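Visitor: A single structure is presented below for examination.
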Amino acid sequence: MMTILAFIVTIGVLVTIHEYGHFQVARWCNVRVLKFSIGFGQPLWTTTFGKDKTEFILAAIPLGGYVKMLDERELQQERENPELPTVDYTEAELERAFNRKSVYQRMAIVLAGPVANLLLAIALYWLLFMMGMTGLKPIVGEVQPASLASQAQFASGDLILTIQDEPIKTWQEARWLLLEHSLAGKPIQVVTSTSAGEQHSHTLTFDGIDHNAEVDVLQKLGMQMMMPDVPAVIGEVLPNSAAEKMGLQAGDKVLAIDQVDMQNWDKVVNFVRASPNKSLQFKIARQQQEMLISVIPEAIPDQGKTIGRLGASALVDQKVRDALMVELDYTPLQSLKMAALKTWDTSLFSLKMLGNMVTGKVSWKGISGPVSIASFAGESANLGLKVFLGFLALVSISIGVLNLLPIPVLDGGHLMYYIVEVFKGSPVSEQVMLWGQKIGFALLGLLMMVALFNDINRFMIG
């Protein structure tokens, strides 16, 4: 239920914001809006509102939406089809038709939807930065022998200070920059500090990286994040998780799973991850008493495979936590600047990834369909408000960027027509637009097939 609810909220919010962008700019340009629909198919709820008597619709299929504006080209098509009802408009009303507006007004209207999604992402990131961020310090853990990290002479315990002269405060920032630079494939300079305070500069290369989007960049480089050696004691149990349903409680010490001793929390996590939907026998100590509890880890997708999730976190000593975690606080102005930069960087990265998919440098397995998005929405909602807002921002950027691509039937395709019109001095011909529409639908159909195929692989094949 959480997954379904989170998916509906995600799609509902993002589609509404996108369509509202078109709607509001159309009104500013004095275009009459006939319909504002969230979803496709059979209407579940309708109402009319405003001086233009715009029909607001909530439809059955919540995978998109549309804003229908007064347009003489559509009126002509309706008149040619005897099965469709026709409406006669006065000349004064036709002056508010979309097709009669200047090319720059039409450009503004089609741009408004994607821009609204990008502005939403900025607003969400701004809120998150003002709420404060908690991150893991970028301290290097285990370094694999003969790996790229080993060749660059990274060592366990090194604290990453800068990557290409950009200051680094958390592993999240480090991972993001490393991922960006890995796509470029050029050597970079990373400055680290040892526990004794000595600074070293490392030349890190990306030779031989296959650019498989499903594999974590740190794994490709052969390094891990420094993680504390945490005892196998449960600190928190998530609501509606496998752990809660099977009776595990905060404070329980996991002694063994299926008669295998659990020396630390990492071993518990690894055992559970390898056992999705498999019944496990937990031997625990609770209030000086030992007991056996059967637990079936929830199966979730992760980087192209299916893993098990318990839904419980470890009890971490505060001193250990403070040594590895960092709290980041920002002023409203700093938060706004960082939100805008993050949205810009993520948008550019999305375009680079799409470009690399087209050229074959990056696997198409990274494309997610509605099933994956629903799953990720549910997971993020279970992990708390901050995680869910971050997920919303990321998907909002993806929708904004996707709709700006110069593919006919998308906003970017219409924008492409209008740019041609500016240079040509007249609108693109109906024949060109008809062929463009066919090509656009074919490309979108191919994209949807790939996304659904990836969903099937993740959830049914694993």
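Here's how to read the names in the structure tokens: chain A, B, ... by the order shown, residue numbers from 1 in each chain, ligand numbers from 1 in the order shown.
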Determine which residues of stretch 37-162 of chain A receive a DSSP assignment of strand (DSSP E or B), computed from the backbone, and state them as a short mmCIF file (atom, residue, chain, number, x, y, z; two decimals) with all heavy atoms, in the first residue's frame.

Guide:
```cif
data_model
loop_
_atom_site.label_atom_id
_atom_site.label_comp_id
_atom_site.auth_asym_id
_atom_site.auth_seq_id
_atom_site.Cartn_x
_atom_site.Cartn_y
_atom_site.Cartn_z
N SER A 37 -6.20 18.07 -17.78
CA SER A 37 -6.42 16.70 -17.35
C SER A 37 -5.19 16.12 -16.67
O SER A 37 -4.06 16.23 -17.19
CB SER A 37 -6.78 15.81 -18.55
OG SER A 37 -6.95 14.47 -18.14
N ILE A 38 -5.40 15.49 -15.51
CA ILE A 38 -4.37 14.70 -14.85
C ILE A 38 -4.73 13.24 -15.09
O ILE A 38 -5.74 12.75 -14.58
CB ILE A 38 -4.31 15.00 -13.34
CG1 ILE A 38 -4.06 16.49 -13.12
CG2 ILE A 38 -3.22 14.16 -12.68
CD1 ILE A 38 -2.80 17.02 -13.74
N GLY A 39 -3.92 12.55 -15.88
CA GLY A 39 -4.21 11.18 -16.27
C GLY A 39 -4.87 11.12 -17.63
O GLY A 39 -5.25 12.15 -18.21
N PHE A 40 -4.95 9.90 -18.16
CA PHE A 40 -5.58 9.65 -19.46
C PHE A 40 -6.74 8.68 -19.28
O PHE A 40 -6.91 8.06 -18.24
CB PHE A 40 -4.56 9.05 -20.43
CG PHE A 40 -3.36 9.94 -20.68
CD1 PHE A 40 -2.11 9.60 -20.18
CD2 PHE A 40 -3.49 11.10 -21.42
CE1 PHE A 40 -1.01 10.40 -20.41
CE2 PHE A 40 -2.40 11.92 -21.65
CZ PHE A 40 -1.16 11.56 -21.15
N GLY A 41 -7.52 8.54 -20.36
CA GLY A 41 -8.58 7.54 -20.35
C GLY A 41 -9.87 8.06 -19.73
O GLY A 41 -10.18 9.26 -19.76
N GLN A 42 -10.62 7.13 -19.16
CA GLN A 42 -11.94 7.42 -18.61
C GLN A 42 -11.87 8.43 -17.47
O GLN A 42 -11.17 8.22 -16.49
CB GLN A 42 -12.57 6.12 -18.09
CG GLN A 42 -13.98 6.28 -17.51
CD GLN A 42 -14.99 6.68 -18.56
OE1 GLN A 42 -14.88 6.28 -19.72
NE2 GLN A 42 -15.97 7.47 -18.17
N PRO A 43 -12.59 9.55 -17.56
CA PRO A 43 -12.61 10.54 -16.47
C PRO A 43 -13.26 9.96 -15.22
O PRO A 43 -14.31 9.33 -15.29
CB PRO A 43 -13.45 11.69 -17.03
CG PRO A 43 -13.41 11.51 -18.52
CD PRO A 43 -13.33 10.03 -18.76
N LEU A 44 -12.59 10.16 -14.08
CA LEU A 44 -13.15 9.74 -12.80
C LEU A 44 -13.84 10.90 -12.09
O LEU A 44 -14.75 10.68 -11.27
CB LEU A 44 -12.03 9.19 -11.91
CG LEU A 44 -11.23 8.00 -12.46
CD1 LEU A 44 -10.11 7.63 -11.48
CD2 LEU A 44 -12.15 6.81 -12.70
N TRP A 45 -13.40 12.10 -12.40
CA TRP A 45 -13.97 13.30 -11.76
C TRP A 45 -13.75 14.49 -12.67
O TRP A 45 -12.67 14.64 -13.27
CB TRP A 45 -13.29 13.52 -10.42
CG TRP A 45 -13.68 14.80 -9.73
CD1 TRP A 45 -14.78 15.01 -8.95
CD2 TRP A 45 -12.97 16.04 -9.76
NE1 TRP A 45 -14.81 16.32 -8.49
CE2 TRP A 45 -13.70 16.97 -8.98
CE3 TRP A 45 -11.80 16.46 -10.38
CZ2 TRP A 45 -13.29 18.29 -8.80
CZ3 TRP A 45 -11.38 17.78 -10.21
CH2 TRP A 45 -12.12 18.68 -9.42
N THR A 46 -14.75 15.32 -12.85
CA THR A 46 -14.62 16.52 -13.69
C THR A 46 -15.33 17.68 -13.02
O THR A 46 -16.30 17.50 -12.27
CB THR A 46 -15.24 16.31 -15.09
OG1 THR A 46 -16.65 16.04 -14.95
CG2 THR A 46 -14.57 15.17 -15.83
N THR A 47 -14.84 18.87 -13.32
CA THR A 47 -15.50 20.09 -12.87
C THR A 47 -15.05 21.21 -13.78
O THR A 47 -14.00 21.12 -14.44
CB THR A 47 -15.15 20.42 -11.41
OG1 THR A 47 -15.95 21.53 -10.97
CG2 THR A 47 -13.68 20.79 -11.26
N THR A 48 -15.83 22.28 -13.88
CA THR A 48 -15.44 23.45 -14.66
C THR A 48 -15.17 24.60 -13.71
O THR A 48 -15.78 24.71 -12.64
CB THR A 48 -16.55 23.85 -15.65
OG1 THR A 48 -17.78 24.06 -14.92
CG2 THR A 48 -16.75 22.79 -16.70
N PHE A 49 -14.21 25.44 -14.12
CA PHE A 49 -13.79 26.52 -13.22
C PHE A 49 -13.28 27.69 -14.05
O PHE A 49 -12.67 27.50 -15.11
CB PHE A 49 -12.70 26.02 -12.28
CG PHE A 49 -12.27 27.02 -11.25
CD1 PHE A 49 -13.05 27.27 -10.13
CD2 PHE A 49 -11.09 27.72 -11.40
CE1 PHE A 49 -12.68 28.21 -9.19
CE2 PHE A 49 -10.69 28.66 -10.46
CZ PHE A 49 -11.49 28.90 -9.35
N THR A 54 -12.95 26.36 -17.99
CA THR A 54 -12.00 25.28 -18.25
C THR A 54 -12.46 24.02 -17.53
O THR A 54 -12.84 24.05 -16.36
CB THR A 54 -10.60 25.66 -17.75
OG1 THR A 54 -10.18 26.85 -18.42
CG2 THR A 54 -9.59 24.55 -18.02
N GLU A 55 -12.41 22.89 -18.23
CA GLU A 55 -12.82 21.61 -17.66
C GLU A 55 -11.60 20.94 -17.02
O GLU A 55 -10.62 20.63 -17.69
CB GLU A 55 -13.39 20.70 -18.74
CG GLU A 55 -13.96 19.38 -18.19
CD GLU A 55 -14.54 18.49 -19.27
OE1 GLU A 55 -14.36 18.80 -20.46
OE2 GLU A 55 -15.18 17.48 -18.91
N PHE A 56 -11.67 20.73 -15.71
CA PHE A 56 -10.60 20.06 -14.99
C PHE A 56 -10.99 18.59 -14.81
O PHE A 56 -12.08 18.29 -14.34
CB PHE A 56 -10.36 20.72 -13.63
CG PHE A 56 -9.76 22.09 -13.74
CD1 PHE A 56 -10.55 23.21 -13.92
CD2 PHE A 56 -8.38 22.26 -13.68
CE1 PHE A 56 -10.00 24.48 -14.04
CE2 PHE A 56 -7.81 23.51 -13.78
CZ PHE A 56 -8.62 24.63 -13.97
N ILE A 57 -10.07 17.69 -15.18
CA ILE A 57 -10.37 16.26 -15.25
C ILE A 57 -9.35 15.46 -14.45
O ILE A 57 -8.15 15.71 -14.53
CB ILE A 57 -10.36 15.77 -16.71
CG1 ILE A 57 -11.34 16.58 -17.56
CG2 ILE A 57 -10.68 14.27 -16.79
CD1 ILE A 57 -11.18 16.35 -19.04
N LEU A 58 -9.84 14.49 -13.68
CA LEU A 58 -8.99 13.48 -13.06
C LEU A 58 -9.36 12.16 -13.72
O LEU A 58 -10.47 11.66 -13.57
CB LEU A 58 -9.24 13.41 -11.55
CG LEU A 58 -8.33 12.47 -10.76
CD1 LEU A 58 -6.88 12.92 -10.84
CD2 LEU A 58 -8.77 12.40 -9.30
N ALA A 59 -8.41 11.59 -14.51
CA ALA A 59 -8.69 10.42 -15.33
C ALA A 59 -8.12 9.14 -14.72
O ALA A 59 -7.35 9.18 -13.76
CB ALA A 59 -8.16 10.62 -16.74
N ALA A 60 -8.49 8.01 -15.32
CA ALA A 60 -8.24 6.69 -14.71
C ALA A 60 -6.78 6.23 -14.79
O ALA A 60 -6.31 5.50 -13.93
CB ALA A 60 -9.14 5.65 -15.37
N ILE A 61 -6.07 6.60 -15.85
CA ILE A 61 -4.70 6.13 -16.04
C ILE A 61 -3.72 7.22 -15.63
O ILE A 61 -3.51 8.19 -16.37
CB ILE A 61 -4.45 5.72 -17.51
CG1 ILE A 61 -5.50 4.69 -17.96
CG2 ILE A 61 -3.04 5.15 -17.69
CD1 ILE A 61 -5.44 4.34 -19.43
N PRO A 62 -3.10 7.10 -14.44
CA PRO A 62 -2.30 8.21 -13.88
C PRO A 62 -0.85 8.22 -14.39
O PRO A 62 0.09 8.32 -13.61
CB PRO A 62 -2.35 7.90 -12.38
CG PRO A 62 -2.36 6.41 -12.32
CD PRO A 62 -3.14 5.95 -13.52
N LEU A 63 -0.66 8.11 -15.70
CA LEU A 63 0.70 8.07 -16.25
C LEU A 63 0.99 9.27 -17.14
O LEU A 63 1.79 9.20 -18.06
CB LEU A 63 0.90 6.77 -17.05
CG LEU A 63 0.84 5.47 -16.23
CD1 LEU A 63 1.00 4.27 -17.14
CD2 LEU A 63 1.90 5.46 -15.14
N GLY A 64 0.37 10.38 -16.84
CA GLY A 64 0.61 11.59 -17.63
C GLY A 64 -0.56 12.54 -17.49
O GLY A 64 -1.37 12.43 -16.56
N GLY A 65 -0.67 13.45 -18.43
CA GLY A 65 -1.75 14.41 -18.42
C GLY A 65 -1.64 15.31 -19.64
O GLY A 65 -0.75 15.14 -20.47
N TYR A 66 -2.55 16.25 -19.77
CA TYR A 66 -2.49 17.16 -20.91
C TYR A 66 -3.27 18.43 -20.60
O TYR A 66 -4.15 18.46 -19.73
CB TYR A 66 -3.03 16.50 -22.18
CG TYR A 66 -4.49 16.12 -22.12
CD1 TYR A 66 -5.50 17.00 -22.52
CD2 TYR A 66 -4.88 14.86 -21.66
CE1 TYR A 66 -6.83 16.65 -22.45
CE2 TYR A 66 -6.22 14.50 -21.60
CZ TYR A 66 -7.19 15.40 -22.00
OH TYR A 66 -8.51 15.06 -21.93
N VAL A 67 -2.91 19.49 -21.34
CA VAL A 67 -3.66 20.74 -21.33
C VAL A 67 -4.12 20.99 -22.76
O VAL A 67 -3.29 21.10 -23.67
CB VAL A 67 -2.78 21.92 -20.84
CG1 VAL A 67 -3.49 23.24 -21.09
CG2 VAL A 67 -2.47 21.76 -19.37
N LYS A 68 -5.44 21.01 -22.98
CA LYS A 68 -5.98 21.26 -24.32
C LYS A 68 -6.36 22.72 -24.43
O LYS A 68 -7.17 23.23 -23.65
CB LYS A 68 -7.21 20.37 -24.57
CG LYS A 68 -7.79 20.54 -25.97
CD LYS A 68 -8.99 19.64 -26.21
CE LYS A 68 -9.53 19.84 -27.61
NZ LYS A 68 -10.71 18.99 -27.88
N MET A 69 -5.76 23.38 -25.43
CA MET A 69 -6.02 24.79 -25.65
C MET A 69 -6.84 24.99 -26.92
O MET A 69 -6.84 24.13 -27.81
CB MET A 69 -4.69 25.55 -25.77
CG MET A 69 -3.93 25.63 -24.46
SD MET A 69 -2.20 26.13 -24.65
CE MET A 69 -1.43 24.54 -24.96
N MET A 133 21.55 18.62 6.19
CA MET A 133 21.90 17.35 5.57
C MET A 133 22.85 16.57 6.47
O MET A 133 23.75 17.15 7.09
CB MET A 133 22.57 17.57 4.21
CG MET A 133 21.77 18.45 3.25
SD MET A 133 20.28 17.64 2.64
CE MET A 133 20.99 16.48 1.49
N THR A 134 22.64 15.28 6.55
CA THR A 134 23.54 14.38 7.28
C THR A 134 24.23 13.49 6.26
O THR A 134 23.57 12.89 5.41
CB THR A 134 22.78 13.52 8.28
OG1 THR A 134 22.10 14.37 9.21
CG2 THR A 134 23.74 12.62 9.05
N GLY A 135 25.55 13.43 6.34
CA GLY A 135 26.28 12.64 5.36
C GLY A 135 27.40 11.84 6.00
O GLY A 135 27.81 12.10 7.14
N LEU A 136 27.88 10.88 5.25
CA LEU A 136 29.00 10.06 5.68
C LEU A 136 30.29 10.72 5.22
O LEU A 136 30.42 11.08 4.04
CB LEU A 136 28.88 8.65 5.09
CG LEU A 136 29.76 7.55 5.64
CD1 LEU A 136 29.42 7.27 7.10
CD2 LEU A 136 29.57 6.28 4.81
N ILE A 139 35.70 9.03 3.93
CA ILE A 139 36.89 8.30 4.39
C ILE A 139 36.95 6.97 3.65
O ILE A 139 35.98 6.22 3.62
CB ILE A 139 36.84 8.06 5.91
CG1 ILE A 139 36.72 9.40 6.66
CG2 ILE A 139 38.08 7.31 6.37
CD1 ILE A 139 36.52 9.24 8.15
N VAL A 140 38.09 6.71 3.04
CA VAL A 140 38.26 5.49 2.24
C VAL A 140 38.34 4.28 3.15
O VAL A 140 39.08 4.28 4.15
CB VAL A 140 39.53 5.58 1.37
CG1 VAL A 140 39.74 4.29 0.58
CG2 VAL A 140 39.44 6.78 0.43
N GLY A 141 37.57 3.24 2.82
CA GLY A 141 37.64 1.99 3.56
C GLY A 141 38.60 1.03 2.88
O GLY A 141 39.73 1.40 2.55
N GLU A 142 38.13 -0.17 2.61
CA GLU A 142 39.00 -1.17 1.98
C GLU A 142 39.28 -0.81 0.53
O GLU A 142 38.41 -0.37 -0.21
CB GLU A 142 38.32 -2.54 2.05
CG GLU A 142 39.15 -3.67 1.47
CD GLU A 142 38.43 -5.01 1.51
OE1 GLU A 142 37.34 -5.07 2.11
OE2 GLU A 142 38.96 -5.99 0.95
N VAL A 143 40.53 -0.98 0.11
CA VAL A 143 40.95 -0.75 -1.27
C VAL A 143 41.35 -2.10 -1.88
O VAL A 143 42.20 -2.80 -1.34
CB VAL A 143 42.14 0.23 -1.35
CG1 VAL A 143 42.59 0.40 -2.80
CG2 VAL A 143 41.75 1.58 -0.75
N LEU A 159 41.14 10.46 4.00
CA LEU A 159 39.98 11.35 3.94
C LEU A 159 40.08 12.17 2.66
O LEU A 159 41.06 12.89 2.45
CB LEU A 159 39.95 12.28 5.15
CG LEU A 159 38.89 13.38 5.14
CD1 LEU A 159 37.48 12.78 5.23
CD2 LEU A 159 39.12 14.37 6.29
N ILE A 160 39.08 12.06 1.78
CA ILE A 160 39.08 12.82 0.52
C ILE A 160 38.75 14.28 0.81
O ILE A 160 37.71 14.60 1.39
CB ILE A 160 38.07 12.22 -0.47
CG1 ILE A 160 38.46 10.78 -0.82
CG2 ILE A 160 37.99 13.07 -1.74
CD1 ILE A 160 37.48 10.08 -1.73
N LEU A 161 39.66 15.16 0.40
CA LEU A 161 39.49 16.60 0.62
C LEU A 161 38.93 17.30 -0.61
O LEU A 161 38.00 18.09 -0.51
CB LEU A 161 40.82 17.24 1.02
CG LEU A 161 41.50 16.70 2.28
CD1 LEU A 161 42.84 17.39 2.49
CD2 LEU A 161 40.60 16.89 3.50
N THR A 162 39.53 17.02 -1.77
CA THR A 162 39.08 17.66 -3.01
C THR A 162 39.13 16.66 -4.17
O THR A 162 39.94 15.73 -4.16
CB THR A 162 39.94 18.88 -3.40
OG1 THR A 162 41.28 18.45 -3.67
CG2 THR A 162 39.95 19.92 -2.30
#
```

Visitor: Within 12 Å of stretch 424-444 of chain A, which residues of stretch 9-106 of chain A come that close, and what is the closest atom pair and distance in Å for each? Count only C-alpha atoms and give it as JSON lines.

Guide:
```
{"residue": "A:Arg73", "atom": "CA", "partner": "A:Glu430", "partner_atom": "CA", "distance": 10.1}
{"residue": "A:Asn99", "atom": "CA", "partner": "A:Pro427", "partner_atom": "CA", "distance": 10.0}
{"residue": "A:Arg100", "atom": "CA", "partner": "A:Pro427", "partner_atom": "CA", "distance": 11.5}
{"residue": "A:Ser102", "atom": "CA", "partner": "A:Pro427", "partner_atom": "CA", "distance": 10.9}
{"residue": "A:Val103", "atom": "CA", "partner": "A:Pro427", "partner_atom": "CA", "distance": 8.8}
{"residue": "A:Arg106", "atom": "CA", "partner": "A:Pro427", "partner_atom": "CA", "distance": 11.7}
```

Visitor: Which residues are near A:Lys137? Cut-off 12 Å, only C-alpha atoms, ignore same chain within fewer than 6 positions. Put them as a ChimeraX atom specification.

Guide: /A:157-161,168-175,225-228,321-328

Visitor: Selected residues, N, CA and C atoms, written as a short mmCIF file (atom, residue, chain, number, x, y, z; two decimals), in the first residue's frame, please.

Guide:
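In the end it all went to part36.cif:
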```cif
data_model
loop_
_atom_site.label_atom_id
_atom_site.label_comp_id
_atom_site.auth_asym_id
_atom_site.auth_seq_id
_atom_site.Cartn_x
_atom_site.Cartn_y
_atom_site.Cartn_z
N GLY A 157 41.55 4.60 5.26
CA GLY A 157 41.67 5.67 6.24
C GLY A 157 41.92 7.03 5.64
N ASP A 158 42.19 7.10 4.32
CA ASP A 158 42.38 8.40 3.67
C ASP A 158 41.07 9.18 3.66
N LEU A 159 41.14 10.46 4.00
CA LEU A 159 39.98 11.35 3.94
C LEU A 159 40.08 12.17 2.66
N ILE A 160 39.08 12.06 1.78
CA ILE A 160 39.08 12.82 0.52
C ILE A 160 38.75 14.28 0.81
N LEU A 161 39.66 15.16 0.40
CA LEU A 161 39.49 16.60 0.62
C LEU A 161 38.93 17.30 -0.61
N ILE A 168 35.23 18.50 -0.96
CA ILE A 168 34.32 17.38 -0.73
C ILE A 168 34.06 17.25 0.77
N LYS A 169 32.78 17.16 1.13
CA LYS A 169 32.42 17.03 2.54
C LYS A 169 31.78 15.68 2.87
N THR A 170 31.15 15.07 1.88
CA THR A 170 30.45 13.80 2.13
C THR A 170 30.75 12.81 1.01
N TRP A 171 30.47 11.52 1.30
CA TRP A 171 30.62 10.48 0.27
C TRP A 171 29.63 10.69 -0.86
N GLN A 172 28.48 11.26 -0.56
CA GLN A 172 27.50 11.52 -1.61
C GLN A 172 28.08 12.47 -2.66
N GLU A 173 28.75 13.54 -2.20
CA GLU A 173 29.38 14.48 -3.13
C GLU A 173 30.51 13.80 -3.90
N ALA A 174 31.32 13.00 -3.19
CA ALA A 174 32.45 12.32 -3.82
C ALA A 174 31.97 11.35 -4.90
N ARG A 175 30.96 10.55 -4.57
CA ARG A 175 30.45 9.57 -5.53
C ARG A 175 29.89 10.25 -6.77
N MET A 225 33.54 2.66 1.01
CA MET A 225 33.40 3.68 2.04
C MET A 225 33.82 3.09 3.39
N MET A 226 34.41 3.90 4.23
CA MET A 226 34.77 3.45 5.57
C MET A 226 33.50 3.30 6.39
N MET A 227 33.27 2.09 6.86
CA MET A 227 32.11 1.80 7.67
C MET A 227 32.56 1.31 9.04
N PRO A 228 31.84 1.67 10.10
CA PRO A 228 32.24 1.23 11.45
C PRO A 228 31.98 -0.25 11.65
N ARG A 321 29.54 6.99 15.56
CA ARG A 321 28.76 7.72 14.57
C ARG A 321 29.35 9.09 14.33
N ASP A 322 29.68 9.81 15.40
CA ASP A 322 30.23 11.17 15.26
C ASP A 322 31.55 11.18 14.50
N ALA A 323 32.31 10.09 14.64
CA ALA A 323 33.61 10.02 13.98
C ALA A 323 33.48 9.85 12.47
N LEU A 324 32.34 9.32 12.01
CA LEU A 324 32.17 9.03 10.59
C LEU A 324 31.11 9.88 9.90
N MET A 325 30.26 10.56 10.69
CA MET A 325 29.18 11.35 10.10
C MET A 325 29.48 12.83 10.19
N VAL A 326 28.85 13.60 9.30
CA VAL A 326 29.00 15.06 9.31
C VAL A 326 27.62 15.69 9.12
N GLU A 327 27.35 16.71 9.90
CA GLU A 327 26.09 17.46 9.81
C GLU A 327 26.35 18.76 9.05
N LEU A 328 25.58 19.01 8.00
CA LEU A 328 25.77 20.20 7.17
C LEU A 328 24.54 21.10 7.28
#
```

Visitor: Do you know which residues are at most 6 Å from stretch 329-346 of chain A counting only C-alpha atoms, after dropping those on the same chain fewer than 4 positions away, and could you put them as a PyMOL selection string?

Guide: chain A and resi 122+125-126+129-130+132

Visitor: Any chance you can output those residues with C-alpha atoms as a short mmCIF file (atom, residue, chain, number, x, y, z; two decimals), in the first residue's frame?

Guide:
```cif
data_model
loop_
_atom_site.label_atom_id
_atom_site.label_comp_id
_atom_site.auth_asym_id
_atom_site.auth_seq_id
_atom_site.Cartn_x
_atom_site.Cartn_y
_atom_site.Cartn_z
CA ILE A 122 15.02 23.54 -7.16
CA TYR A 125 16.36 20.75 -2.96
CA TRP A 126 16.18 24.22 -1.39
CA PHE A 129 19.30 21.97 2.22
CA MET A 130 17.54 24.34 4.65
CA GLY A 132 20.08 20.32 7.05
#
```

Visitor: Rounded to one decimal in Å, what is the spacing between atom CA of A:Leu14 and atom CA of A:Met448?

Guide: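 Between atom CA of A:Leu14 and atom CA of A:Met448 the gap works out to 18.6 Å.
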
Visitor: For A:Val233, which residue among A:Val33, A:Ile209, A:Leu221, A:Ala312 is the nearest when counting only C-alpha atoms?

Guide: A:Ala312

Visitor: Record the distance separating atom CA of A:Gly113 and atom CA of A:Glu19, expressed in Å with one decimal.

Guide: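 Computing it gives 5.8 Å between the two atoms.
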
Visitor: Show me, as an NGL selection string, the residues that have an atom within 9 Å of A:Gln259 when counting only C-alpha atoms, minus same-chain residues fewer than 5 positions from it.

Guide: :A and (281-283)

Visitor: Given the choices A:Gly50, A:Gly222, A:Gly311, A:Pro276, which gets closest to A:Asn382 if the distance is worked out from only C-alpha atoms?

Guide: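 Smallest separation from A:Asn382 among the options: A:Gly311.
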
Visitor: I'd like to know which of A:Gln224, A:Ala121, A:Ala92, A:Gln263 is closest to A:Ser156, using only C-alpha atoms.

Guide: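 Smallest separation from A:Ser156 among the options: A:Gln224.
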
Visitor: Assign secondary structure with DSSP using the backbone only, and return the residues of stretch 70-308 of chain A in alpha helix (DSSP H) as a PyMOL selection string.

Guide: chain A and resi 72-80+91-94+103-131+148-151+171-184+217-221+242-245+265-273

Visitor: Using only C-alpha atoms, pick whichever of A:Ala26, A:Val237, A:Ile373, A:Val13 has the shortest atom-to-atom distance to A:Leu120.

Guide: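 Result for the nearest residue to A:Leu120: A:Val13.
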
Visitor: Could you work out how far atom CA of A:Val115 lies from atom CA of A:Ile419, giving the answer in Å with one decimal?

Guide: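 Computed distance, atom CA of A:Ile419 to atom CA of A:Val115, equals 17.4 Å.
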
Visitor: I'd like to know which of A:His414, A:Lys352, A:Lys101, A:Lys386 is closest to A:Val401, using only C-alpha atoms.

Guide: A:Lys352
